[in-house]
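Structure data (mmCIF, C-alpha atoms) from upload.cif:
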data_start
loop_
_atom_site.label_atom_id
_atom_site.label_comp_id
_atom_site.auth_asym_id
_atom_site.auth_seq_id
_atom_site.Cartn_x
_atom_site.Cartn_y
_atom_site.Cartn_z
CA MET A 1 11.48 8.03 37.61
CA LEU A 2 8.39 10.15 37.93
CA SER A 3 5.25 8.39 39.03
CA ASN A 4 2.05 9.84 37.62
CA HIS A 5 -0.10 7.57 39.75
CA ARG A 6 -0.60 10.22 42.43
CA VAL A 7 -1.97 12.48 39.70
CA ALA A 8 -4.26 9.74 38.43
CA ALA A 9 -5.54 8.92 41.88
CA SER A 10 -6.63 12.50 42.45
CA ALA A 11 -7.98 12.85 38.93
CA ALA A 12 -10.59 10.11 39.07
CA SER A 13 -13.73 10.51 41.14
CA ARG A 14 -13.63 7.02 42.70
CA PRO A 15 -10.93 4.33 42.93
CA SER A 16 -13.38 1.86 41.39
CA ASP A 17 -13.74 3.93 38.22
CA PRO A 18 -12.10 2.39 35.13
CA ALA A 19 -8.74 3.70 34.04
CA LEU A 20 -10.03 3.90 30.48
CA ASP A 21 -13.71 4.38 29.72
CA VAL A 22 -14.66 4.48 26.03
CA ARG A 23 -18.30 4.83 25.04
CA ASP A 24 -19.68 4.78 21.49
CA LEU A 25 -16.48 6.27 20.07
CA HIS A 26 -16.91 7.13 16.40
CA LYS A 27 -14.38 8.39 13.86
CA ALA A 28 -14.68 8.71 10.08
CA PHE A 29 -12.37 10.09 7.42
CA ARG A 30 -13.15 11.62 4.09
CA ARG A 31 -10.93 10.83 1.16
CA ARG A 32 -10.65 11.66 -2.51
CA VAL A 33 -10.00 8.96 -5.08
CA ARG A 34 -9.68 9.06 -8.85
CA ARG A 35 -12.34 7.00 -10.57
CA ASP A 36 -13.05 7.01 -14.32
CA GLY A 37 -11.09 10.22 -14.71
CA ARG A 38 -13.08 11.98 -11.98
CA THR A 39 -12.27 12.84 -8.38
CA VAL A 40 -14.79 11.14 -6.11
CA ARG A 41 -15.23 11.78 -2.40
CA SER A 42 -15.94 8.88 -0.10
CA THR A 43 -16.19 8.33 3.65
CA VAL A 44 -14.24 5.68 5.53
CA VAL A 45 -15.50 4.75 8.99
CA ALA A 46 -12.45 3.91 11.11
CA LEU A 47 -14.21 3.53 14.47
CA ASP A 48 -17.86 2.51 14.51
CA ARG A 49 -19.24 3.30 17.99
CA VAL A 50 -16.55 1.45 19.91
CA SER A 51 -17.10 0.90 23.65
CA LEU A 52 -14.44 -0.44 26.01
CA GLN A 53 -13.63 -0.24 29.71
CA VAL A 54 -10.17 -1.08 31.07
CA SER A 55 -9.57 -1.41 34.81
CA ARG A 56 -6.61 0.09 36.63
CA GLY A 57 -3.53 -2.08 36.25
CA GLU A 58 -5.15 -4.25 33.57
CA THR A 59 -3.56 -5.11 30.22
CA VAL A 60 -5.99 -5.39 27.32
CA ALA A 61 -4.94 -6.41 23.81
CA ILE A 62 -6.92 -5.40 20.72
CA LEU A 63 -6.40 -7.76 17.79
CA GLY A 64 -7.05 -6.55 14.29
CA GLN A 65 -5.73 -6.44 10.76
CA ASN A 66 -4.29 -3.38 9.11
CA GLY A 67 -7.28 -1.20 8.37
CA SER A 68 -9.38 -2.45 11.28
CA GLY A 69 -9.13 0.85 13.19
CA LYS A 70 -6.40 0.01 15.73
CA SER A 71 -4.18 3.01 15.04
CA THR A 72 -7.15 5.36 14.90
CA LEU A 73 -8.25 4.15 18.33
CA ILE A 74 -4.78 4.68 19.81
CA ARG A 75 -4.40 8.13 18.24
CA THR A 76 -7.78 9.24 19.47
CA LEU A 77 -7.05 8.12 23.03
CA ALA A 78 -3.68 9.88 22.84
CA THR A 79 -5.50 13.13 21.86
CA LEU A 80 -3.90 13.15 18.40
CA LEU A 81 -7.28 12.83 16.66
CA LEU A 82 -10.65 14.33 17.54
CA PRO A 83 -13.54 11.83 17.61
CA ASP A 84 -16.67 12.54 15.59
CA GLY A 85 -18.91 11.10 18.29
CA GLY A 86 -18.98 9.33 21.63
CA ARG A 87 -16.45 10.00 24.36
CA ALA A 88 -13.37 8.58 26.04
CA ASP A 89 -12.15 9.26 29.58
CA VAL A 90 -8.66 8.55 30.93
CA PHE A 91 -8.77 8.42 34.73
CA GLY A 92 -11.77 10.72 34.64
CA HIS A 93 -10.33 13.16 32.10
CA ASP A 94 -12.15 13.59 28.80
CA VAL A 95 -9.73 13.21 25.86
CA VAL A 96 -11.28 16.20 24.10
CA SER A 97 -12.17 18.75 26.79
CA ASP A 98 -9.25 17.91 29.10
CA ALA A 99 -6.63 16.86 26.56
CA ALA A 100 -3.70 18.49 28.38
CA ALA A 101 -4.32 16.42 31.51
CA VAL A 102 -4.67 13.24 29.44
CA ARG A 103 -1.31 13.85 27.75
CA ARG A 104 0.35 13.95 31.16
CA LEU A 105 -1.05 10.53 32.02
CA VAL A 106 -0.46 8.59 28.80
CA ASN A 107 2.48 7.58 26.69
CA ARG A 108 2.05 6.22 23.19
CA VAL A 109 4.44 3.76 21.61
CA SER A 110 3.82 3.33 17.90
CA VAL A 111 5.52 1.75 14.94
CA GLU A 112 5.41 5.31 13.60
CA ALA A 113 6.70 6.95 16.76
CA SER A 114 7.18 10.71 16.51
CA PHE A 115 10.47 12.34 17.46
CA PHE A 116 12.50 15.41 16.75
CA LYS A 117 14.36 13.70 13.94
CA ARG A 118 17.48 15.88 13.99
CA MET A 119 17.89 15.51 17.74
CA SER A 120 19.60 12.51 19.25
CA ALA A 121 17.93 9.73 21.20
CA ILE A 122 19.24 11.18 24.47
CA GLU A 123 18.06 14.70 23.58
CA ASN A 124 14.60 13.40 22.73
CA LEU A 125 14.41 11.53 26.02
CA ARG A 126 15.51 14.58 28.00
CA TYR A 127 12.84 16.68 26.29
CA SER A 128 10.15 14.12 27.09
CA ALA A 129 11.35 13.92 30.69
CA ARG A 130 10.96 17.69 31.11
CA PHE A 131 7.47 17.58 29.59
CA HIS A 132 6.38 14.92 32.09
CA GLY A 133 7.96 16.68 35.07
CA VAL A 134 11.03 14.47 35.55
CA THR A 135 13.90 16.56 36.92
CA GLY A 136 17.04 16.96 34.83
CA ARG A 137 19.16 15.26 37.44
CA ARG A 138 16.88 12.26 37.66
CA ALA A 139 16.65 12.00 33.87
CA ARG A 140 20.43 12.10 33.41
CA GLY A 141 20.83 9.18 35.75
CA ALA A 142 17.93 7.14 34.39
CA ILE A 143 18.35 7.54 30.61
CA PRO A 144 21.51 5.40 30.12
CA GLU A 145 20.09 2.65 32.34
CA ILE A 146 16.74 2.62 30.50
CA LEU A 147 18.34 2.63 27.04
CA ALA A 148 20.45 -0.36 28.06
CA ARG A 149 17.38 -2.11 29.39
CA VAL A 150 15.60 -1.97 26.01
CA GLY A 151 18.75 -3.11 24.18
CA PHE A 152 19.75 0.22 22.65
CA PRO A 153 23.52 0.40 21.82
CA PRO A 154 25.19 2.87 24.20
CA ASP A 155 27.47 4.26 21.49
CA ARG A 156 24.53 5.46 19.34
CA GLY A 157 22.74 7.59 21.90
CA THR A 158 24.09 10.85 20.48
CA GLU A 159 23.24 10.11 16.83
CA PRO A 160 20.34 12.01 15.20
CA MET A 161 17.12 9.98 15.23
CA GLU A 162 16.87 10.28 11.44
CA ASN A 163 20.03 8.15 11.16
CA LEU A 164 18.56 5.27 13.15
CA SER A 165 16.63 2.30 11.80
CA ARG A 166 12.94 1.90 12.57
CA GLY A 167 13.76 -0.83 15.05
CA MET A 168 16.22 1.44 16.86
CA GLN A 169 13.67 4.26 16.93
CA GLN A 170 11.15 1.83 18.37
CA LYS A 171 13.52 1.09 21.24
CA VAL A 172 13.85 4.80 21.96
CA ALA A 173 10.05 5.08 22.00
CA LEU A 174 9.91 2.29 24.57
CA ALA A 175 12.66 3.91 26.62
CA ARG A 176 10.64 7.13 26.60
CA ALA A 177 7.62 5.27 27.97
CA LEU A 178 9.67 3.68 30.74
CA LEU A 179 11.34 6.98 31.64
CA THR A 180 8.06 8.80 32.20
CA ALA A 181 6.29 5.90 34.00
CA PRO A 182 2.94 6.47 32.29
CA VAL A 183 -0.30 5.69 34.08
CA LEU A 184 -1.83 4.55 30.78
CA LEU A 185 0.45 2.97 28.19
CA LEU A 186 -0.91 2.96 24.63
CA LEU A 187 0.93 0.46 22.44
CA ASP A 188 0.38 0.37 18.68
CA GLU A 189 2.28 -2.61 17.21
CA PRO A 190 5.14 -2.03 19.67
CA THR A 191 7.39 -4.87 18.50
CA THR A 192 7.06 -4.39 14.74
CA GLY A 193 10.51 -4.15 13.18
CA LEU A 194 12.31 -5.66 16.15
CA ASP A 195 14.45 -8.80 16.08
CA PRO A 196 13.26 -11.79 18.17
CA ARG A 197 15.56 -11.02 21.10
CA SER A 198 14.51 -7.37 21.23
CA LYS A 199 10.90 -8.43 20.96
CA ARG A 200 11.22 -10.61 24.06
CA GLU A 201 12.98 -7.78 25.90
CA VAL A 202 10.15 -5.38 25.04
CA GLN A 203 7.52 -7.81 26.25
CA ALA A 204 9.41 -8.25 29.51
CA PHE A 205 9.62 -4.47 29.83
CA ILE A 206 5.83 -4.17 29.44
CA ARG A 207 5.30 -6.73 32.19
CA ASP A 208 7.84 -4.94 34.42
CA LEU A 209 6.06 -1.61 33.98
CA ARG A 210 2.83 -3.17 35.14
CA GLU A 211 4.41 -4.84 38.17
CA ALA A 212 6.50 -1.85 39.24
CA HIS A 213 4.05 0.97 38.55
CA ASP A 214 0.61 -0.68 38.23
CA THR A 215 0.51 0.70 34.69
CA THR A 216 -2.68 0.20 32.71
CA THR A 217 -1.92 -0.96 29.16
CA LEU A 218 -3.87 -0.98 25.92
CA LEU A 219 -2.00 -3.05 23.33
CA CYS A 220 -3.12 -2.95 19.70
CA THR A 221 -1.49 -5.70 17.66
CA HIS A 222 -1.90 -8.35 15.00
CA ASP A 223 0.52 -10.64 16.86
CA LEU A 224 -1.51 -13.46 18.40
CA ASP A 225 1.32 -14.73 20.62
CA GLU A 226 2.02 -11.26 21.96
CA ALA A 227 -1.63 -10.76 22.84
CA GLN A 228 -1.82 -14.08 24.67
CA VAL A 229 1.43 -13.57 26.57
CA LEU A 230 0.69 -10.04 27.80
CA ALA A 231 -3.04 -9.48 28.05
CA ASP A 232 -5.68 -10.20 30.67
CA ARG A 233 -8.38 -9.76 28.02
CA VAL A 234 -8.34 -9.74 24.23
CA GLY A 235 -10.70 -7.74 22.04
CA ILE A 236 -11.33 -8.23 18.33
CA LEU A 237 -11.55 -5.06 16.26
CA ASP A 238 -13.05 -5.67 12.83
CA ARG A 239 -13.92 -2.93 10.32
CA GLY A 240 -14.05 -0.37 13.10
CA GLN A 241 -16.27 -2.43 15.41
CA LEU A 242 -15.31 -4.07 18.70
CA PRO A 243 -17.93 -6.78 19.35
CA VAL A 244 -16.04 -8.66 22.10
CA CYS A 245 -13.29 -8.18 24.67
CA GLU A 246 -12.80 -11.17 26.97
CA PRO A 247 -10.13 -13.48 28.43
CA VAL A 248 -8.70 -15.80 25.79
CA ALA A 249 -10.37 -18.90 27.25
CA VAL A 250 -13.77 -17.19 27.29
CA LEU A 251 -13.25 -15.86 23.78
CA CYS A 252 -12.39 -19.31 22.44
CA ALA A 253 -15.40 -20.84 24.20
CA ARG A 254 -17.68 -18.16 22.75
CA TYR A 255 -16.70 -19.10 19.20
CA GLY A 256 -16.18 -22.83 19.80
CA ALA A 257 -12.53 -22.37 18.85
CA ALA A 258 -9.48 -24.38 19.83
CA SER A 259 -7.16 -21.36 19.58
CA LEU A 260 -7.20 -17.58 19.56
CA GLU A 261 -6.36 -17.61 15.85
CA GLU A 262 -9.39 -19.79 15.15
CA ALA A 263 -11.60 -17.55 17.29
CA PHE A 264 -10.43 -14.49 15.35
CA PHE A 265 -11.21 -16.17 12.03
CA THR A 266 -14.66 -17.26 13.22
CA ALA A 267 -15.45 -13.75 14.49
CA THR A 268 -14.27 -11.88 11.40
CA GLY A 269 -14.19 -14.36 8.53
CA GLN A 270 -10.58 -13.30 7.94
CA THR A 271 -7.11 -14.18 9.12
CA LEU A 272 -4.64 -11.73 10.58
CA ALA A 273 -2.41 -12.39 7.57
CA ASP A 274 -4.97 -10.84 5.21
CA ASP A 275 -3.97 -7.33 4.19
CA PRO A 276 -6.82 -4.97 3.35
CA ASP A 277 -6.32 -1.21 3.08
CA ASP A 278 -4.80 0.18 6.24
CA ASP A 279 -6.27 2.85 8.48
CA ARG A 280 -3.66 5.58 8.28
CA GLU A 281 -4.99 9.12 8.19
CA VAL A 282 -7.13 9.80 5.14
CA TYR A 283 -6.98 13.28 3.68
CA ALA A 284 -10.11 15.38 3.71
#

So, in terms of structure tokens, how does the structure I just supplied come out?
Amino acid sequence: MLSNHRVAASAASRPSDPALDVRDLHKAFRRRVRRDGRTVRSTVVALDRVSLQVSRGETVAILGQNGSGKSTLIRTLATLLLPDGGRADVFGHDVVSDAAAVRRLVNRVSVEASFFKRMSAIENLRYSARFHGVTGRRARGAIPEILARVGFPPDRGTEPMENLSRGMQQKVALARALLTAPVLLLLDEPTTGLDPRSKREVQAFIRDLREAHDTTTLLCTHDLDEAQVLADRVGILDRGQLPVCEPVAVLCARYGAASLEEAFFTATGQTLADDPDDDREVYA
């Protein structure tokens, strides 16, 4: 497996610099809606001046409902969206002005993972390996082992991605992340659609990545248990704002809560089961 950590070490100005440094990040979408027979334009603020620092090797979970801004945050850090204000640096690289370098250092795992749908899982993984500088020989040896590790059936590796279930595609996305040994792993609801056994395997995989490669991880989720099991700190993203990001015990003490779920409710006035409008891309 390729290790990008040598690249990251040379990219940042000082070892003490954060792996991820987000300052006043702002993103809004315009949308058109039909109201009283007329088309009305409105603005939806997805990220409202979010600031966050994540240390090297740290795992931070961001809790939030659908529509809170989680996916927008992940997409912006992955250089898939341009922010409207503020900035974000990945190991010293600005996600806007140095996007190509950032893409080499991050891997995004999303419930809506993007693939070449008519290519097979193995073909997609080989393509990703080439993009990240993994030699063909090394990729050929690693891909079967990694697919087995995330619980992907060996007899389905040559099927087109479009024929696979969302859960199966999610496993390929995780295998892609493991194959390229990312310095920064961006996880957007990584276990959605997976059965309980696969979910446990994925969580173990995330821990293994951190231990083996000192990977820095940003996990966006609405799964309280997952956040508590994996994260050093937990942030609460509510209506595009991130007021706190602290260890679970500190977070509970701040809100006088007996559990993380109670702390979330006290901070937002909502439960994670509530289902407001989500934050998928809004057309201009």

Nearby residues (only C-alpha atoms) at most 12 Å from A:Lys199, same-chain spacing under 6 positions excluded, as a list of chain:residue names: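 Those residues are A:Val150, A:Gly151, A:Gly167, A:Met168, A:Gln170, A:Lys171, A:Leu174, A:Glu189, A:Pro190, A:Thr191, A:Thr192, A:Gly193, A:Phe205, A:Ile206, A:Asp223, A:Asp225, A:Glu226.
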
Polymer residues at most 7 Å from A:Pro182, all atoms listed in the file, same-chain spacing of 3 or more positions, as a ChimeraX atom specification: /A:4,105-107,177,185,215

Keeping only C-alpha atoms, write the selected residues as a PDB file, keeping the file's coordinate frame.
ATOM      1  CA  ASN A   4       2.050   9.840  37.620  1.00  0.00           C
ATOM      2  CA  LEU A 105      -1.050  10.530  32.020  1.00  0.00           C
ATOM      3  CA  VAL A 106      -0.460   8.590  28.800  1.00  0.00           C
ATOM      4  CA  ASN A 107       2.480   7.580  26.690  1.00  0.00           C
ATOM      5  CA  ALA A 177       7.620   5.270  27.970  1.00  0.00           C
ATOM      6  CA  LEU A 185       0.450   2.970  28.190  1.00  0.00           C
ATOM      7  CA  THR A 215       0.510   0.700  34.690  1.00  0.00           C
TER       8      THR A 215
END

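Separating atom CA of A:Phe265 from atom CA of A:Gly235 is a distance of 13.1 Å.
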
The PyMOL selection byres ((chain A and resi 78) around 10) applied to the shown file, residues as a PyMOL selection string: chain A and resi 72-77+79-82+90+95-96+99+102-103+105-108+184-186

Nearest residue to A:Arg233 from the set A:Cys245, A:Ala267, A:Ala173, A:Leu219 (distances using all atoms listed in the file):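 Using all atoms listed in the file, the shortest distance to A:Arg233 belongs to A:Cys245.
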
Atomic distance atom CA of A:Gly92 - atom CA of A:Leu178, expressed in Å with one decimal: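 That distance, rounded to one decimal, is 22.9 Å.
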
Nearest to A:Ser114, chosen from A:Arg31, A:Arg38, A:Arg176, A:Arg149, with all atoms listed in the file counted in the distances: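 Looking only at the distances to A:Ser114, the closest residue turns out to be A:Arg176.
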
Selection dump of the PyMOL selection byres ((chain A and resi 53) around 6), as a list in words: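 Applying the expression gives Leu20, Asp21, Leu52 and Val54 of chain A.
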
Neighbour residues at most 9 Å from (-15.9, 8.3, 17.8) (only C-alpha atoms) as an NGL selection string: :A and (23-28 or 46-50 or 73 or 76 or 82-88)

Restricted to C-alpha atoms, what would the selected residues look like written as a PDB file, keeping the file's coordinate frame?
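out-v5.pdb written:
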ATOM      1  CA  ARG A  23     -18.300   4.830  25.040  1.00  0.00           C
ATOM      2  CA  ASP A  24     -19.680   4.780  21.490  1.00  0.00           C
ATOM      3  CA  LEU A  25     -16.480   6.270  20.070  1.00  0.00           C
ATOM      4  CA  HIS A  26     -16.910   7.130  16.400  1.00  0.00           C
ATOM      5  CA  LYS A  27     -14.380   8.390  13.860  1.00  0.00           C
ATOM      6  CA  ALA A  28     -14.680   8.710  10.080  1.00  0.00           C
ATOM      7  CA  ALA A  46     -12.450   3.910  11.110  1.00  0.00           C
ATOM      8  CA  LEU A  47     -14.210   3.530  14.470  1.00  0.00           C
ATOM      9  CA  ASP A  48     -17.860   2.510  14.510  1.00  0.00           C
ATOM     10  CA  ARG A  49     -19.240   3.300  17.990  1.00  0.00           C
ATOM     11  CA  VAL A  50     -16.550   1.450  19.910  1.00  0.00           C
ATOM     12  CA  LEU A  73      -8.250   4.150  18.330  1.00  0.00           C
ATOM     13  CA  THR A  76      -7.780   9.240  19.470  1.00  0.00           C
ATOM     14  CA  LEU A  82     -10.650  14.330  17.540  1.00  0.00           C
ATOM     15  CA  PRO A  83     -13.540  11.830  17.610  1.00  0.00           C
ATOM     16  CA  ASP A  84     -16.670  12.540  15.590  1.00  0.00           C
ATOM     17  CA  GLY A  85     -18.910  11.100  18.290  1.00  0.00           C
ATOM     18  CA  GLY A  86     -18.980   9.330  21.630  1.00  0.00           C
ATOM     19  CA  ARG A  87     -16.450  10.000  24.360  1.00  0.00           C
ATOM     20  CA  ALA A  88     -13.370   8.580  26.040  1.00  0.00           C
TER      21      ALA A  88
END

Nearest to A:Ser198 by atom-to-atom distance, counting all atoms listed in the file, from A:Leu63, A:Phe152, A:Thr266, A:Glu159: A:Phe152

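The two atoms in question, atom CA of A:Val172 and atom CA of A:Gly133, are spaced 18.6 Å apart.
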
Shell of 12 Å around stretch 139-144 of chain A, all atoms listed in the file, local chain residues under 5 positions omitted, as JSON, numbers by chain: {"A": [1, 2, 121, 122, 123, 124, 125, 126, 127, 128, 129, 130, 131, 132, 133, 134, 149, 150, 151, 152, 153, 154, 155, 156, 157, 158, 172, 174, 175, 176, 177, 178, 179, 180, 181]}

Residue among A:Val40, A:Leu218, A:Val109, A:Val202 lying closest to A:Ala19, counting all atoms listed in the file: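 Nearest to A:Ala19: A:Leu218.
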
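In this comparison, which uses all atoms listed in the file, the residue of A:Gln203, A:Asn163, A:Gln65, A:Ser110 approaching A:Gly269 most closely is A:Gln65.
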
Distance query A:Arg254 at most 10 Å, all atoms listed in the file, self and fewer than 5 positions along chain excluded, as a list in words: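 Counting only the stated atoms, we get Val244, Glu246, Val248, Ala249, Ala263 and Ala267 of chain A.
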
Place N, CA, C and O atoms on stretch 144-156 of chain A and deliver the coordinates as a short mmCIF file (atom, residue, chain, number, x, y, z; two decimals), in the coordinates of the input.
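result06.cif written:
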data_model
loop_
_atom_site.label_atom_id
_atom_site.label_comp_id
_atom_site.auth_asym_id
_atom_site.auth_seq_id
_atom_site.Cartn_x
_atom_site.Cartn_y
_atom_site.Cartn_z
N PRO A 144 20.60 6.48 30.57
CA PRO A 144 21.51 5.40 30.12
C PRO A 144 21.04 4.02 30.58
O PRO A 144 21.13 3.04 29.83
N GLU A 145 20.55 3.94 31.81
CA GLU A 145 20.09 2.65 32.34
C GLU A 145 18.89 2.14 31.54
O GLU A 145 18.81 0.94 31.22
N ILE A 146 17.95 3.03 31.21
CA ILE A 146 16.74 2.62 30.50
C ILE A 146 17.06 2.23 29.06
O ILE A 146 16.52 1.24 28.54
N LEU A 147 17.95 2.98 28.40
CA LEU A 147 18.34 2.63 27.04
C LEU A 147 18.99 1.24 27.01
O LEU A 147 18.74 0.44 26.10
N ALA A 148 19.82 0.97 27.99
CA ALA A 148 20.45 -0.36 28.06
C ALA A 148 19.41 -1.44 28.28
O ALA A 148 19.50 -2.54 27.72
N ARG A 149 18.40 -1.12 29.06
CA ARG A 149 17.38 -2.11 29.39
C ARG A 149 16.57 -2.53 28.16
O ARG A 149 16.13 -3.68 28.07
N VAL A 150 16.35 -1.61 27.22
CA VAL A 150 15.60 -1.97 26.01
C VAL A 150 16.52 -2.40 24.87
O VAL A 150 16.07 -2.58 23.73
N GLY A 151 17.83 -2.58 25.18
CA GLY A 151 18.75 -3.11 24.18
C GLY A 151 19.24 -2.09 23.17
O GLY A 151 19.64 -2.46 22.06
N PHE A 152 19.26 -0.81 23.56
CA PHE A 152 19.75 0.22 22.65
C PHE A 152 21.26 0.36 22.81
O PHE A 152 21.76 0.51 23.93
N PRO A 153 22.05 0.32 21.71
CA PRO A 153 23.52 0.40 21.82
C PRO A 153 23.96 1.71 22.46
O PRO A 153 23.57 2.79 22.01
N PRO A 154 24.79 1.65 23.49
CA PRO A 154 25.19 2.87 24.20
C PRO A 154 25.98 3.85 23.36
O PRO A 154 25.97 5.06 23.63
N ASP A 155 26.65 3.37 22.31
CA ASP A 155 27.47 4.26 21.49
C ASP A 155 26.66 5.00 20.42
O ASP A 155 27.23 5.79 19.65
N ARG A 156 25.34 4.80 20.37
CA ARG A 156 24.53 5.46 19.34
C ARG A 156 23.54 6.46 19.94
O ARG A 156 22.70 7.02 19.24
#
